[in-house]
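Below is input_23.csv, which holds CSV, N, CA and C atoms.
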```csv
chain,number,residue,atom,x,y,z
A,1,MET,N,-69.1,-93.4,70.2
A,1,MET,CA,-69.7,-94.3,69.2
A,1,MET,C,-69.1,-93.9,67.8
A,2,LYS,N,-68.8,-94.9,67.0
A,2,LYS,CA,-68.3,-94.7,65.7
A,2,LYS,C,-69.3,-94.2,64.7
A,3,THR,N,-68.9,-93.4,63.8
A,3,THR,CA,-69.8,-93.0,62.7
A,3,THR,C,-69.7,-94.0,61.6
A,4,LEU,N,-70.7,-93.9,60.7
A,4,LEU,CA,-70.6,-94.7,59.5
A,4,LEU,C,-69.4,-94.4,58.7
A,5,ALA,N,-69.0,-93.2,58.5
A,5,ALA,CA,-67.9,-92.8,57.8
A,5,ALA,C,-66.6,-93.4,58.4
A,6,GLN,N,-66.5,-93.3,59.7
A,6,GLN,CA,-65.3,-93.8,60.4
A,6,GLN,C,-65.2,-95.4,60.2
A,7,PHE,N,-66.4,-96.0,60.4
A,7,PHE,CA,-66.4,-97.5,60.2
A,7,PHE,C,-65.9,-97.9,58.9
A,8,VAL,N,-66.5,-97.3,57.8
A,8,VAL,CA,-66.1,-97.7,56.5
A,8,VAL,C,-64.6,-97.4,56.2
A,9,GLN,N,-64.1,-96.2,56.6
A,9,GLN,CA,-62.7,-95.9,56.4
A,9,GLN,C,-61.8,-96.9,57.1
A,10,LYS,N,-62.1,-97.3,58.4
A,10,LYS,CA,-61.3,-98.2,59.1
A,10,LYS,C,-61.3,-99.6,58.5
A,11,LYS,N,-62.5,-100.1,58.2
A,11,LYS,CA,-62.6,-101.4,57.5
A,11,LYS,C,-61.9,-101.4,56.2
A,12,ARG,N,-62.0,-100.4,55.4
A,12,ARG,CA,-61.3,-100.3,54.1
A,12,ARG,C,-59.8,-100.3,54.3
A,13,ASP,N,-59.3,-99.5,55.3
A,13,ASP,CA,-57.9,-99.4,55.6
A,13,ASP,C,-57.4,-100.8,56.0
A,14,ASN,N,-58.2,-101.5,56.9
A,14,ASN,CA,-57.7,-102.8,57.4
A,14,ASN,C,-57.6,-103.8,56.2
A,15,LEU,N,-58.4,-103.6,55.2
A,15,LEU,CA,-58.4,-104.5,54.0
A,15,LEU,C,-57.3,-104.1,53.0
A,16,GLY,N,-56.7,-103.0,53.3
A,16,GLY,CA,-55.6,-102.5,52.4
A,16,GLY,C,-56.2,-102.0,51.1
A,17,LEU,N,-57.4,-101.4,51.1
A,17,LEU,CA,-58.0,-100.9,49.8
A,17,LEU,C,-58.0,-99.4,49.8
A,18,SER,N,-57.9,-98.9,48.6
A,18,SER,CA,-58.2,-97.5,48.3
A,18,SER,C,-59.7,-97.3,48.2
A,19,PRO,N,-60.2,-96.1,48.2
A,19,PRO,CA,-61.6,-95.9,47.9
A,19,PRO,C,-62.0,-96.4,46.6
A,20,LYS,N,-61.1,-96.3,45.6
A,20,LYS,CA,-61.4,-96.8,44.3
A,20,LYS,C,-61.4,-98.4,44.3
A,21,GLY,N,-60.5,-99.0,45.0
A,21,GLY,CA,-60.5,-100.4,45.1
A,21,GLY,C,-61.7,-101.0,45.8
A,22,LEU,N,-62.2,-100.3,46.9
A,22,LEU,CA,-63.4,-100.7,47.6
A,22,LEU,C,-64.6,-100.6,46.6
A,23,ALA,N,-64.6,-99.5,45.9
A,23,ALA,CA,-65.7,-99.3,45.0
A,23,ALA,C,-65.8,-100.4,44.0
A,24,GLU,N,-64.7,-100.8,43.5
A,24,GLU,CA,-64.7,-101.9,42.5
A,24,GLU,C,-65.1,-103.2,43.1
A,25,LYS,N,-64.7,-103.5,44.4
A,25,LYS,CA,-65.1,-104.7,45.1
A,25,LYS,C,-66.6,-104.7,45.4
A,26,CYS,N,-67.1,-103.5,45.6
A,26,CYS,CA,-68.6,-103.4,46.0
A,26,CYS,C,-69.5,-103.2,44.7
A,27,ASN,N,-68.8,-103.0,43.6
A,27,ASN,CA,-69.6,-102.7,42.4
A,27,ASN,C,-70.4,-101.4,42.6
A,28,LEU,N,-69.8,-100.4,43.2
A,28,LEU,CA,-70.4,-99.1,43.4
A,28,LEU,C,-69.5,-98.0,42.8
A,29,PRO,N,-70.1,-96.9,42.4
A,29,PRO,CA,-69.3,-95.8,41.9
A,29,PRO,C,-68.4,-95.3,43.1
A,30,VAL,N,-67.2,-94.9,42.7
A,30,VAL,CA,-66.2,-94.4,43.7
A,30,VAL,C,-66.8,-93.2,44.4
A,31,SER,N,-67.6,-92.4,43.8
A,31,SER,CA,-68.2,-91.2,44.4
A,31,SER,C,-69.1,-91.6,45.6
A,32,VAL,N,-69.8,-92.7,45.5
A,32,VAL,CA,-70.6,-93.2,46.6
A,32,VAL,C,-69.7,-93.5,47.8
A,33,ILE,N,-68.6,-94.2,47.6
A,33,ILE,CA,-67.7,-94.5,48.7
A,33,ILE,C,-67.1,-93.2,49.3
A,34,GLU,N,-66.8,-92.2,48.4
A,34,GLU,CA,-66.2,-91.0,48.9
A,34,GLU,C,-67.2,-90.2,49.7
A,35,GLU,N,-68.5,-90.2,49.3
A,35,GLU,CA,-69.5,-89.5,50.0
A,35,GLU,C,-69.8,-90.1,51.4
A,36,ILE,N,-69.8,-91.5,51.4
A,36,ILE,CA,-70.0,-92.2,52.7
A,36,ILE,C,-68.8,-91.8,53.7
A,37,GLU,N,-67.6,-91.9,53.2
A,37,GLU,CA,-66.4,-91.6,54.0
A,37,GLU,C,-66.3,-90.1,54.4
A,38,ALA,N,-66.9,-89.3,53.6
A,38,ALA,CA,-66.9,-87.8,54.0
A,38,ALA,C,-68.1,-87.5,54.9
A,39,GLY,N,-68.9,-88.5,55.2
A,39,GLY,CA,-70.0,-88.2,56.2
A,39,GLY,C,-71.2,-87.6,55.5
A,40,LYS,N,-71.2,-87.6,54.2
A,40,LYS,CA,-72.4,-87.0,53.4
A,40,LYS,C,-73.5,-88.0,53.3
A,41,GLU,N,-73.2,-89.2,53.2
A,41,GLU,CA,-74.3,-90.3,53.1
A,41,GLU,C,-74.5,-90.8,54.5
A,42,LEU,N,-75.8,-90.6,55.0
A,42,LEU,CA,-76.1,-91.0,56.3
A,42,LEU,C,-77.1,-92.2,56.3
A,43,PHE,N,-77.8,-92.4,55.2
A,43,PHE,CA,-78.9,-93.4,55.1
A,43,PHE,C,-78.7,-94.0,53.8
A,44,LEU,N,-78.4,-95.3,53.8
A,44,LEU,CA,-78.0,-96.1,52.6
A,44,LEU,C,-79.2,-96.9,52.0
A,45,ALA,N,-79.3,-97.0,50.7
A,45,ALA,CA,-80.3,-97.9,50.1
A,45,ALA,C,-79.8,-99.3,50.4
A,46,VAL,N,-80.8,-100.2,50.5
A,46,VAL,CA,-80.5,-101.6,50.8
A,46,VAL,C,-79.5,-102.2,50.0
A,47,THR,N,-79.5,-102.0,48.7
A,47,THR,CA,-78.6,-102.6,47.7
A,47,THR,C,-77.2,-102.0,48.0
A,48,VAL,N,-77.1,-100.7,48.2
A,48,VAL,CA,-75.8,-100.1,48.5
A,48,VAL,C,-75.2,-100.7,49.8
A,49,ARG,N,-76.0,-100.8,50.8
A,49,ARG,CA,-75.6,-101.4,52.1
A,49,ARG,C,-75.1,-102.8,51.9
A,50,GLN,N,-75.8,-103.6,51.1
A,50,GLN,CA,-75.4,-105.0,50.9
A,50,GLN,C,-74.1,-105.1,50.1
A,51,ASN,N,-74.0,-104.3,49.1
A,51,ASN,CA,-72.8,-104.3,48.3
A,51,ASN,C,-71.6,-103.8,49.1
A,52,LEU,N,-71.8,-102.8,49.9
A,52,LEU,CA,-70.7,-102.3,50.8
A,52,LEU,C,-70.3,-103.3,51.8
A,53,ALA,N,-71.3,-104.0,52.4
A,53,ALA,CA,-70.9,-105.1,53.4
A,53,ALA,C,-70.1,-106.2,52.7
A,54,LYS,N,-70.5,-106.6,51.5
A,54,LYS,CA,-69.8,-107.6,50.8
A,54,LYS,C,-68.3,-107.2,50.6
A,55,GLY,N,-68.1,-105.9,50.1
A,55,GLY,CA,-66.8,-105.4,49.9
A,55,GLY,C,-66.0,-105.3,51.1
A,56,LEU,N,-66.6,-104.9,52.3
A,56,LEU,CA,-65.9,-104.7,53.5
A,56,LEU,C,-65.8,-106.0,54.3
A,57,LYS,N,-66.4,-107.1,53.8
A,57,LYS,CA,-66.4,-108.4,54.5
A,57,LYS,C,-67.0,-108.3,55.9
A,58,CYS,N,-68.2,-107.7,56.0
A,58,CYS,CA,-68.9,-107.6,57.2
A,58,CYS,C,-70.4,-107.8,57.0
A,59,ASN,N,-71.2,-107.8,58.1
A,59,ASN,CA,-72.6,-108.1,58.0
A,59,ASN,C,-73.3,-106.7,57.7
A,60,PRO,N,-74.3,-106.7,56.8
A,60,PRO,CA,-75.0,-105.5,56.5
A,60,PRO,C,-75.6,-104.8,57.8
A,61,ALA,N,-75.9,-105.6,58.8
A,61,ALA,CA,-76.5,-105.1,60.1
A,61,ALA,C,-75.5,-104.2,60.8
A,62,GLU,N,-74.2,-104.5,60.6
A,62,GLU,CA,-73.1,-103.7,61.2
A,62,GLU,C,-73.2,-102.3,60.7
A,63,ILE,N,-73.4,-102.2,59.4
A,63,ILE,CA,-73.5,-100.9,58.7
A,63,ILE,C,-74.8,-100.2,59.0
A,64,LYS,N,-75.9,-101.0,59.0
A,64,LYS,CA,-77.2,-100.4,59.3
A,64,LYS,C,-77.3,-99.7,60.6
A,65,LYS,N,-76.7,-100.3,61.7
A,65,LYS,CA,-76.8,-99.7,63.0
A,65,LYS,C,-76.0,-98.4,63.1
A,66,LEU,N,-75.1,-98.1,62.2
A,66,LEU,CA,-74.4,-96.9,62.2
A,66,LEU,C,-75.1,-95.8,61.3
A,67,GLU,N,-76.1,-96.2,60.5
A,67,GLU,CA,-76.7,-95.2,59.7
A,67,GLU,C,-77.6,-94.3,60.6
A,68,LYS,N,-77.8,-93.1,60.1
A,68,LYS,CA,-78.7,-92.2,60.8
A,68,LYS,C,-80.1,-92.6,60.5
A,69,ASP,N,-80.9,-92.8,61.5
A,69,ASP,CA,-82.3,-93.2,61.3
A,69,ASP,C,-83.2,-92.0,61.5
A,70,PHE,N,-83.9,-91.6,60.4
A,70,PHE,CA,-84.7,-90.4,60.4
A,70,PHE,C,-86.2,-90.8,60.5
A,71,THR,N,-86.5,-92.1,60.6
A,71,THR,CA,-87.9,-92.6,60.6
A,71,THR,C,-88.7,-92.1,61.8
A,72,ASN,N,-88.0,-91.9,62.9
A,72,ASN,CA,-88.7,-91.5,64.1
A,72,ASN,C,-88.9,-90.0,64.3
A,73,VAL,N,-88.4,-89.2,63.3
A,73,VAL,CA,-88.5,-87.8,63.4
A,73,VAL,C,-89.8,-87.4,62.8
A,74,LEU,N,-90.7,-86.7,63.6
A,74,LEU,CA,-92.0,-86.3,63.1
A,74,LEU,C,-91.9,-84.9,62.6
A,75,VAL,N,-92.5,-84.7,61.4
A,75,VAL,CA,-92.6,-83.3,60.8
A,75,VAL,C,-94.0,-82.9,60.9
A,76,SER,N,-94.2,-81.7,61.4
A,76,SER,CA,-95.5,-81.2,61.6
A,76,SER,C,-96.2,-81.0,60.3
A,77,GLN,N,-97.6,-81.1,60.3
A,77,GLN,CA,-98.4,-80.9,59.1
A,77,GLN,C,-98.2,-79.5,58.6
A,78,GLU,N,-98.0,-78.5,59.4
A,78,GLU,CA,-97.8,-77.1,59.0
A,78,GLU,C,-96.5,-77.0,58.1
A,79,ILE,N,-95.5,-77.7,58.5
A,79,ILE,CA,-94.2,-77.7,57.7
A,79,ILE,C,-94.5,-78.3,56.3
A,80,ILE,N,-95.2,-79.5,56.4
A,80,ILE,CA,-95.5,-80.2,55.1
A,80,ILE,C,-96.3,-79.3,54.2
A,81,ASP,N,-97.4,-78.7,54.8
A,81,ASP,CA,-98.2,-77.8,54.0
A,81,ASP,C,-97.5,-76.7,53.4
A,82,SER,N,-96.6,-76.1,54.2
A,82,SER,CA,-95.7,-75.0,53.7
A,82,SER,C,-94.8,-75.4,52.5
A,83,LEU,N,-94.2,-76.6,52.7
A,83,LEU,CA,-93.4,-77.2,51.6
A,83,LEU,C,-94.2,-77.4,50.3
A,84,LYS,N,-95.4,-77.9,50.5
A,84,LYS,CA,-96.3,-78.2,49.3
A,84,LYS,C,-96.6,-76.9,48.6
A,85,GLU,N,-96.9,-75.8,49.4
A,85,GLU,CA,-97.2,-74.5,48.8
A,85,GLU,C,-95.9,-74.0,48.0
A,86,LEU,N,-94.8,-74.1,48.6
A,86,LEU,CA,-93.5,-73.6,48.0
A,86,LEU,C,-93.3,-74.4,46.7
A,87,ILE,N,-93.5,-75.7,46.7
A,87,ILE,CA,-93.3,-76.5,45.5
A,87,ILE,C,-94.2,-76.0,44.4
A,88,LEU,N,-95.5,-75.8,44.8
A,88,LEU,CA,-96.5,-75.4,43.8
A,88,LEU,C,-96.2,-74.0,43.2
A,89,ASN,N,-95.5,-73.2,44.0
A,89,ASN,CA,-95.1,-71.8,43.6
A,89,ASN,C,-93.7,-71.8,42.9
A,90,GLY,N,-93.1,-73.0,42.7
A,90,GLY,CA,-91.9,-73.1,41.9
A,90,GLY,C,-90.6,-72.8,42.7
A,91,ALA,N,-90.7,-72.8,44.0
A,91,ALA,CA,-89.5,-72.5,44.8
A,91,ALA,C,-88.5,-73.6,44.6
A,92,GLY,N,-87.2,-73.3,44.5
A,92,GLY,CA,-86.2,-74.2,44.3
A,92,GLY,C,-85.3,-74.2,45.6
A,93,GLY,N,-84.4,-75.1,45.6
A,93,GLY,CA,-83.4,-75.2,46.7
A,93,GLY,C,-84.0,-75.5,48.1
A,94,LEU,N,-85.1,-76.3,48.1
A,94,LEU,CA,-85.8,-76.7,49.3
A,94,LEU,C,-85.0,-77.7,50.0
A,95,LYS,N,-85.0,-77.7,51.4
A,95,LYS,CA,-84.2,-78.6,52.2
A,95,LYS,C,-85.2,-79.5,53.0
A,96,CYS,N,-84.7,-80.7,53.2
A,96,CYS,CA,-85.5,-81.7,54.0
A,96,CYS,C,-85.6,-81.2,55.4
A,97,PRO,N,-86.9,-81.3,55.9
A,97,PRO,CA,-87.1,-80.9,57.3
A,97,PRO,C,-86.5,-81.9,58.3
A,98,GLN,N,-86.2,-83.1,57.9
A,98,GLN,CA,-85.6,-84.1,58.8
A,98,GLN,C,-84.1,-84.0,58.9
A,99,CYS,N,-83.5,-83.9,57.8
A,99,CYS,CA,-82.0,-84.0,57.8
A,99,CYS,C,-81.3,-82.8,57.2
A,100,GLY,N,-82.0,-81.9,56.5
A,100,GLY,CA,-81.4,-80.8,55.9
A,100,GLY,C,-80.8,-81.0,54.5
A,101,ALA,N,-80.9,-82.2,54.0
A,101,ALA,CA,-80.3,-82.4,52.6
A,101,ALA,C,-81.3,-81.9,51.6
A,102,PRO,N,-80.8,-81.7,50.4
A,102,PRO,CA,-81.7,-81.2,49.3
A,102,PRO,C,-82.9,-82.1,49.1
A,103,LEU,N,-84.1,-81.4,48.8
A,103,LEU,CA,-85.3,-82.1,48.4
A,103,LEU,C,-85.4,-82.2,46.9
A,104,VAL,N,-85.7,-83.3,46.4
A,104,VAL,CA,-86.0,-83.5,45.0
A,104,VAL,C,-87.5,-83.3,44.8
A,105,THR,N,-87.9,-82.3,44.0
A,105,THR,CA,-89.3,-81.9,43.9
A,105,THR,C,-89.9,-82.0,42.5
A,106,ARG,N,-91.2,-82.2,42.4
A,106,ARG,CA,-91.8,-82.1,41.1
A,106,ARG,C,-93.3,-81.9,41.4
A,107,ILE,N,-94.0,-81.6,40.3
A,107,ILE,CA,-95.5,-81.4,40.4
A,107,ILE,C,-96.1,-82.4,39.5
A,108,ALA,N,-97.0,-83.2,40.1
A,108,ALA,CA,-97.7,-84.2,39.4
A,108,ALA,C,-99.0,-83.6,38.8
A,109,LYS,N,-99.2,-83.7,37.5
A,109,LYS,CA,-100.4,-83.2,36.9
A,109,LYS,C,-101.4,-84.3,36.7
A,110,MET,N,-102.6,-84.1,37.3
A,110,MET,CA,-103.6,-85.2,37.2
A,110,MET,C,-104.9,-84.5,36.9
A,111,TYR,N,-105.9,-85.3,36.4
A,111,TYR,CA,-107.2,-84.7,36.0
A,111,TYR,C,-108.3,-85.4,36.8
A,112,ASP,N,-109.3,-84.7,37.3
A,112,ASP,CA,-110.4,-85.3,38.0
A,112,ASP,C,-111.4,-85.8,37.0
A,113,LEU,N,-112.5,-86.3,37.4
A,113,LEU,CA,-113.5,-87.0,36.6
A,113,LEU,C,-114.1,-86.0,35.6
A,114,GLU,N,-114.1,-84.7,35.9
A,114,GLU,CA,-114.6,-83.7,35.0
A,114,GLU,C,-113.6,-83.1,34.1
A,115,ASP,N,-112.4,-83.7,34.1
A,115,ASP,CA,-111.3,-83.3,33.2
A,115,ASP,C,-110.6,-82.0,33.7
A,116,ASN,N,-110.7,-81.6,34.9
A,116,ASN,CA,-110.1,-80.4,35.5
A,116,ASN,C,-108.7,-80.8,35.9
A,117,LEU,N,-107.7,-80.0,35.6
A,117,LEU,CA,-106.3,-80.2,36.0
A,117,LEU,C,-106.2,-80.0,37.5
A,118,ILE,N,-105.5,-80.9,38.1
A,118,ILE,CA,-105.2,-80.8,39.5
A,118,ILE,C,-103.7,-81.0,39.7
A,119,LEU,N,-103.1,-80.1,40.4
A,119,LEU,CA,-101.6,-80.2,40.6
A,119,LEU,C,-101.3,-80.7,42.0
A,120,HIS,N,-100.5,-81.7,42.0
A,120,HIS,CA,-100.1,-82.3,43.3
A,120,HIS,C,-98.6,-82.2,43.5
A,121,PRO,N,-98.2,-81.5,44.6
A,121,PRO,CA,-96.7,-81.4,44.8
A,121,PRO,C,-96.2,-82.7,45.4
A,122,ARG,N,-95.0,-83.0,44.9
A,122,ARG,CA,-94.3,-84.3,45.3
A,122,ARG,C,-92.9,-83.9,45.7
A,123,ALA,N,-92.3,-84.6,46.7
A,123,ALA,CA,-90.9,-84.4,47.1
A,123,ALA,C,-90.4,-85.6,47.8
A,124,HIS,N,-89.1,-85.8,47.6
A,124,HIS,CA,-88.4,-86.8,48.4
A,124,HIS,C,-87.0,-86.3,48.7
A,125,CYS,N,-86.5,-86.7,49.8
A,125,CYS,CA,-85.2,-86.3,50.3
A,125,CYS,C,-84.1,-87.0,49.5
A,126,SER,N,-83.0,-86.4,49.2
A,126,SER,CA,-81.9,-87.0,48.5
A,126,SER,C,-81.1,-87.8,49.4
A,127,LYS,N,-81.3,-87.8,50.7
A,127,LYS,CA,-80.5,-88.6,51.7
A,127,LYS,C,-81.3,-89.5,52.6
A,128,CYS,N,-82.4,-89.0,53.1
A,128,CYS,CA,-83.1,-89.9,54.1
A,128,CYS,C,-84.4,-90.3,53.5
A,129,SER,N,-85.3,-90.8,54.3
A,129,SER,CA,-86.6,-91.4,53.8
A,129,SER,C,-87.7,-90.5,53.8
A,130,PHE,N,-87.5,-89.2,54.0
A,130,PHE,CA,-88.6,-88.2,54.0
A,130,PHE,C,-89.2,-88.1,52.6
A,131,GLN,N,-90.6,-88.0,52.6
A,131,GLN,CA,-91.2,-87.8,51.3
A,131,GLN,C,-92.6,-87.1,51.5
A,132,ILE,N,-93.0,-86.4,50.4
A,132,ILE,CA,-94.3,-85.8,50.3
A,132,ILE,C,-94.9,-86.4,49.1
A,133,HIS,N,-96.0,-87.1,49.3
A,133,HIS,CA,-96.6,-87.9,48.2
A,133,HIS,C,-98.1,-87.6,48.0
A,134,SER,N,-98.7,-86.7,48.7
A,134,SER,CA,-100.1,-86.4,48.5
A,134,SER,C,-100.4,-85.0,48.4
```
For the structure just supplied, provide its representation as structure tokens.
Amino acid sequence: MKTLAQFVQKKRDNLGLSPKGLAEKCNLPVSVIEEIEAGKELFLAVTVRQNLAKGLKCNPAEIKKLEKDFTNVLVSQEIIDSLKELILNGAGGLKCPQCGAPLVTRIAKMYDLEDNLILHPRAHCSKCSFQIHS
């Protein structure tokens, strides 16, 4: 089976385009094309997929079927609770439990009805659809 990276490289080569040329046709930064072709991008945003398909003269569904689907990977509640605790304690460099990519983290500050500060850890993966939102 072909990878997303191999598919994009082959289609681009068949069109006689450089990574920069494809980026211009797709209206995407050349760094995005380079990351896809290097195998670093495994899950694309809808707009990126559509622009890439337009530039490669293919159907977005052809690209979608080659993307890594992380939606069926279940993460245990213990792992999520552990990540929440690490975020609240200021740990950096956390990795996604689904794909291993860096997690983007923050702490949301909210107040209850009695004006008590409540901290809520938040995180989302920089590559796949994993997120912590409560």
Find the spatial neighbours of Ile132 of chain A, counting all atoms listed in the file, within a cut-off of 8 Å - ignore same-chain residues fewer than 6 positions away - and output them as a VMD selection string. chain A and resid 80 84 120 to 125
Of the residues A:Gly55, A:Cys128, A:Lys25, A:Gly16, which is the one nearest to Leu42 of chain A, using only N, CA and C atoms? A:Cys128
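With atom CA of Val75 of chain A on one side and atom C of Gln131 of chain A on the other, the separation reads 10.0 Å.
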Please, which residues of segment 77-127 of chain A, numbered as in this document, come out strand (DSSP E) from DSSP, as a PyMOL selection string? chain A and resi 103-111+117-125
What would the file look like if the residues just selected were written as a PDB file, keeping the file's coordinate frame with N, CA and C atoms?
```pdb
ATOM      1  N   LEU A 103     -84.100 -81.400  48.800  1.00  0.00           N
ATOM      2  CA  LEU A 103     -85.300 -82.100  48.400  1.00  0.00           C
ATOM      3  C   LEU A 103     -85.400 -82.200  46.900  1.00  0.00           C
ATOM      4  N   VAL A 104     -85.700 -83.300  46.400  1.00  0.00           N
ATOM      5  CA  VAL A 104     -86.000 -83.500  45.000  1.00  0.00           C
ATOM      6  C   VAL A 104     -87.500 -83.300  44.800  1.00  0.00           C
ATOM      7  N   THR A 105     -87.900 -82.300  44.000  1.00  0.00           N
ATOM      8  CA  THR A 105     -89.300 -81.900  43.900  1.00  0.00           C
ATOM      9  C   THR A 105     -89.900 -82.000  42.500  1.00  0.00           C
ATOM     10  N   ARG A 106     -91.200 -82.200  42.400  1.00  0.00           N
ATOM     11  CA  ARG A 106     -91.800 -82.100  41.100  1.00  0.00           C
ATOM     12  C   ARG A 106     -93.300 -81.900  41.400  1.00  0.00           C
ATOM     13  N   ILE A 107     -94.000 -81.600  40.300  1.00  0.00           N
ATOM     14  CA  ILE A 107     -95.500 -81.400  40.400  1.00  0.00           C
ATOM     15  C   ILE A 107     -96.100 -82.400  39.500  1.00  0.00           C
ATOM     16  N   ALA A 108     -97.000 -83.200  40.100  1.00  0.00           N
ATOM     17  CA  ALA A 108     -97.700 -84.200  39.400  1.00  0.00           C
ATOM     18  C   ALA A 108     -99.000 -83.600  38.800  1.00  0.00           C
ATOM     19  N   LYS A 109     -99.200 -83.700  37.500  1.00  0.00           N
ATOM     20  CA  LYS A 109    -100.400 -83.200  36.900  1.00  0.00           C
ATOM     21  C   LYS A 109    -101.400 -84.300  36.700  1.00  0.00           C
ATOM     22  N   MET A 110    -102.600 -84.100  37.300  1.00  0.00           N
ATOM     23  CA  MET A 110    -103.600 -85.200  37.200  1.00  0.00           C
ATOM     24  C   MET A 110    -104.900 -84.500  36.900  1.00  0.00           C
ATOM     25  N   TYR A 111    -105.900 -85.300  36.400  1.00  0.00           N
ATOM     26  CA  TYR A 111    -107.200 -84.700  36.000  1.00  0.00           C
ATOM     27  C   TYR A 111    -108.300 -85.400  36.800  1.00  0.00           C
ATOM     28  N   LEU A 117    -107.700 -80.000  35.600  1.00  0.00           N
ATOM     29  CA  LEU A 117    -106.300 -80.200  36.000  1.00  0.00           C
ATOM     30  C   LEU A 117    -106.200 -80.000  37.500  1.00  0.00           C
ATOM     31  N   ILE A 118    -105.500 -80.900  38.100  1.00  0.00           N
ATOM     32  CA  ILE A 118    -105.200 -80.800  39.500  1.00  0.00           C
ATOM     33  C   ILE A 118    -103.700 -81.000  39.700  1.00  0.00           C
ATOM     34  N   LEU A 119    -103.100 -80.100  40.400  1.00  0.00           N
ATOM     35  CA  LEU A 119    -101.600 -80.200  40.600  1.00  0.00           C
ATOM     36  C   LEU A 119    -101.300 -80.700  42.000  1.00  0.00           C
ATOM     37  N   HIS A 120    -100.500 -81.700  42.000  1.00  0.00           N
ATOM     38  CA  HIS A 120    -100.100 -82.300  43.300  1.00  0.00           C
ATOM     39  C   HIS A 120     -98.600 -82.200  43.500  1.00  0.00           C
ATOM     40  N   PRO A 121     -98.200 -81.500  44.600  1.00  0.00           N
ATOM     41  CA  PRO A 121     -96.700 -81.400  44.800  1.00  0.00           C
ATOM     42  C   PRO A 121     -96.200 -82.700  45.400  1.00  0.00           C
ATOM     43  N   ARG A 122     -95.000 -83.000  44.900  1.00  0.00           N
ATOM     44  CA  ARG A 122     -94.300 -84.300  45.300  1.00  0.00           C
ATOM     45  C   ARG A 122     -92.900 -83.900  45.700  1.00  0.00           C
ATOM     46  N   ALA A 123     -92.300 -84.600  46.700  1.00  0.00           N
ATOM     47  CA  ALA A 123     -90.900 -84.400  47.100  1.00  0.00           C
ATOM     48  C   ALA A 123     -90.400 -85.600  47.800  1.00  0.00           C
ATOM     49  N   HIS A 124     -89.100 -85.800  47.600  1.00  0.00           N
ATOM     50  CA  HIS A 124     -88.400 -86.800  48.400  1.00  0.00           C
ATOM     51  C   HIS A 124     -87.000 -86.300  48.700  1.00  0.00           C
ATOM     52  N   CYS A 125     -86.500 -86.700  49.800  1.00  0.00           N
ATOM     53  CA  CYS A 125     -85.200 -86.300  50.300  1.00  0.00           C
ATOM     54  C   CYS A 125     -84.100 -87.000  49.500  1.00  0.00           C
TER      55      CYS A 125
END
```
Box along x, y and z, 4 Å on every side, all listed atoms of segment 56-70 of chain A inside: centre and edge lengths in Å to one decimal, as lines of an AutoDock Vina configuration file.
```
center_x = -76.0
center_y = -99.4
center_z = 57.7
size_x = 28.4
size_y = 26.0
size_z = 18.8
```
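Distances to Gly100 of chain A were evaluated for A:Lys127, A:Leu86, A:Cys26, A:Ile79 using only C-alpha atoms, and the minimum falls at A:Lys127.
A straight line drawn from atom C of Ala5 of chain A to atom CA of Ser18 of chain A is 13.8 Å long.
From atom C of Gln98 of chain A back to atom C of Gly39 of chain A, the distance works out to 13.8 Å.
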Could you pull out all residues of chain A with a DSSP call of helix (DSSP H, G or I) and give them as a PyMOL selection string? chain A and resi 4-14+19-26+30-37+46-56+60-64+77-88
Need to verify the contact set: Glu37 of chain A, 6.5 Å, all atoms listed in the file, exclusion of same-chain residues closer than 4 positions in sequence. Can you return it as a VMD selection string? chain A and resid 4 to 6 8 to 9 32 to 33 41
Go ahead and dump the residues you just picked, N, CA and C atoms, as a PDB file, keeping the file's coordinate frame.
```
ATOM      1  N   LEU A   4     -70.700 -93.900  60.700  1.00  0.00           N
ATOM      2  CA  LEU A   4     -70.600 -94.700  59.500  1.00  0.00           C
ATOM      3  C   LEU A   4     -69.400 -94.400  58.700  1.00  0.00           C
ATOM      4  N   ALA A   5     -69.000 -93.200  58.500  1.00  0.00           N
ATOM      5  CA  ALA A   5     -67.900 -92.800  57.800  1.00  0.00           C
ATOM      6  C   ALA A   5     -66.600 -93.400  58.400  1.00  0.00           C
ATOM      7  N   GLN A   6     -66.500 -93.300  59.700  1.00  0.00           N
ATOM      8  CA  GLN A   6     -65.300 -93.800  60.400  1.00  0.00           C
ATOM      9  C   GLN A   6     -65.200 -95.400  60.200  1.00  0.00           C
ATOM     10  N   VAL A   8     -66.500 -97.300  57.800  1.00  0.00           N
ATOM     11  CA  VAL A   8     -66.100 -97.700  56.500  1.00  0.00           C
ATOM     12  C   VAL A   8     -64.600 -97.400  56.200  1.00  0.00           C
ATOM     13  N   GLN A   9     -64.100 -96.200  56.600  1.00  0.00           N
ATOM     14  CA  GLN A   9     -62.700 -95.900  56.400  1.00  0.00           C
ATOM     15  C   GLN A   9     -61.800 -96.900  57.100  1.00  0.00           C
ATOM     16  N   VAL A  32     -69.800 -92.700  45.500  1.00  0.00           N
ATOM     17  CA  VAL A  32     -70.600 -93.200  46.600  1.00  0.00           C
ATOM     18  C   VAL A  32     -69.700 -93.500  47.800  1.00  0.00           C
ATOM     19  N   ILE A  33     -68.600 -94.200  47.600  1.00  0.00           N
ATOM     20  CA  ILE A  33     -67.700 -94.500  48.700  1.00  0.00           C
ATOM     21  C   ILE A  33     -67.100 -93.200  49.300  1.00  0.00           C
ATOM     22  N   GLU A  41     -73.200 -89.200  53.200  1.00  0.00           N
ATOM     23  CA  GLU A  41     -74.300 -90.300  53.100  1.00  0.00           C
ATOM     24  C   GLU A  41     -74.500 -90.800  54.500  1.00  0.00           C
TER      25      GLU A  41
END
```
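Take the candidates A:Leu15, A:Glu34, A:Gly90, A:Asp115 and check each one against Leu56 of chain A using all atoms listed in the file; the shortest distance goes to A:Leu15.
Using only C-alpha atoms, the smallest distance between any of A:Arg12, A:Leu28, A:Cys58, A:His133 and Leu83 of chain A comes from A:His133.
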Quick one: residues within 9 Å of (-79.2, -93.9, 55.0) (file frame), counting only C-alpha atoms, please, as an MDAnalysis selection string. chainID A and resid 41:46 49 64 67:70 127:129
Just checking: using only C-alpha atoms, which residue out of A:Thr3, A:Ser126, A:Gln50, A:Asn59 ends up closest to Ala101 of chain A? A:Ser126
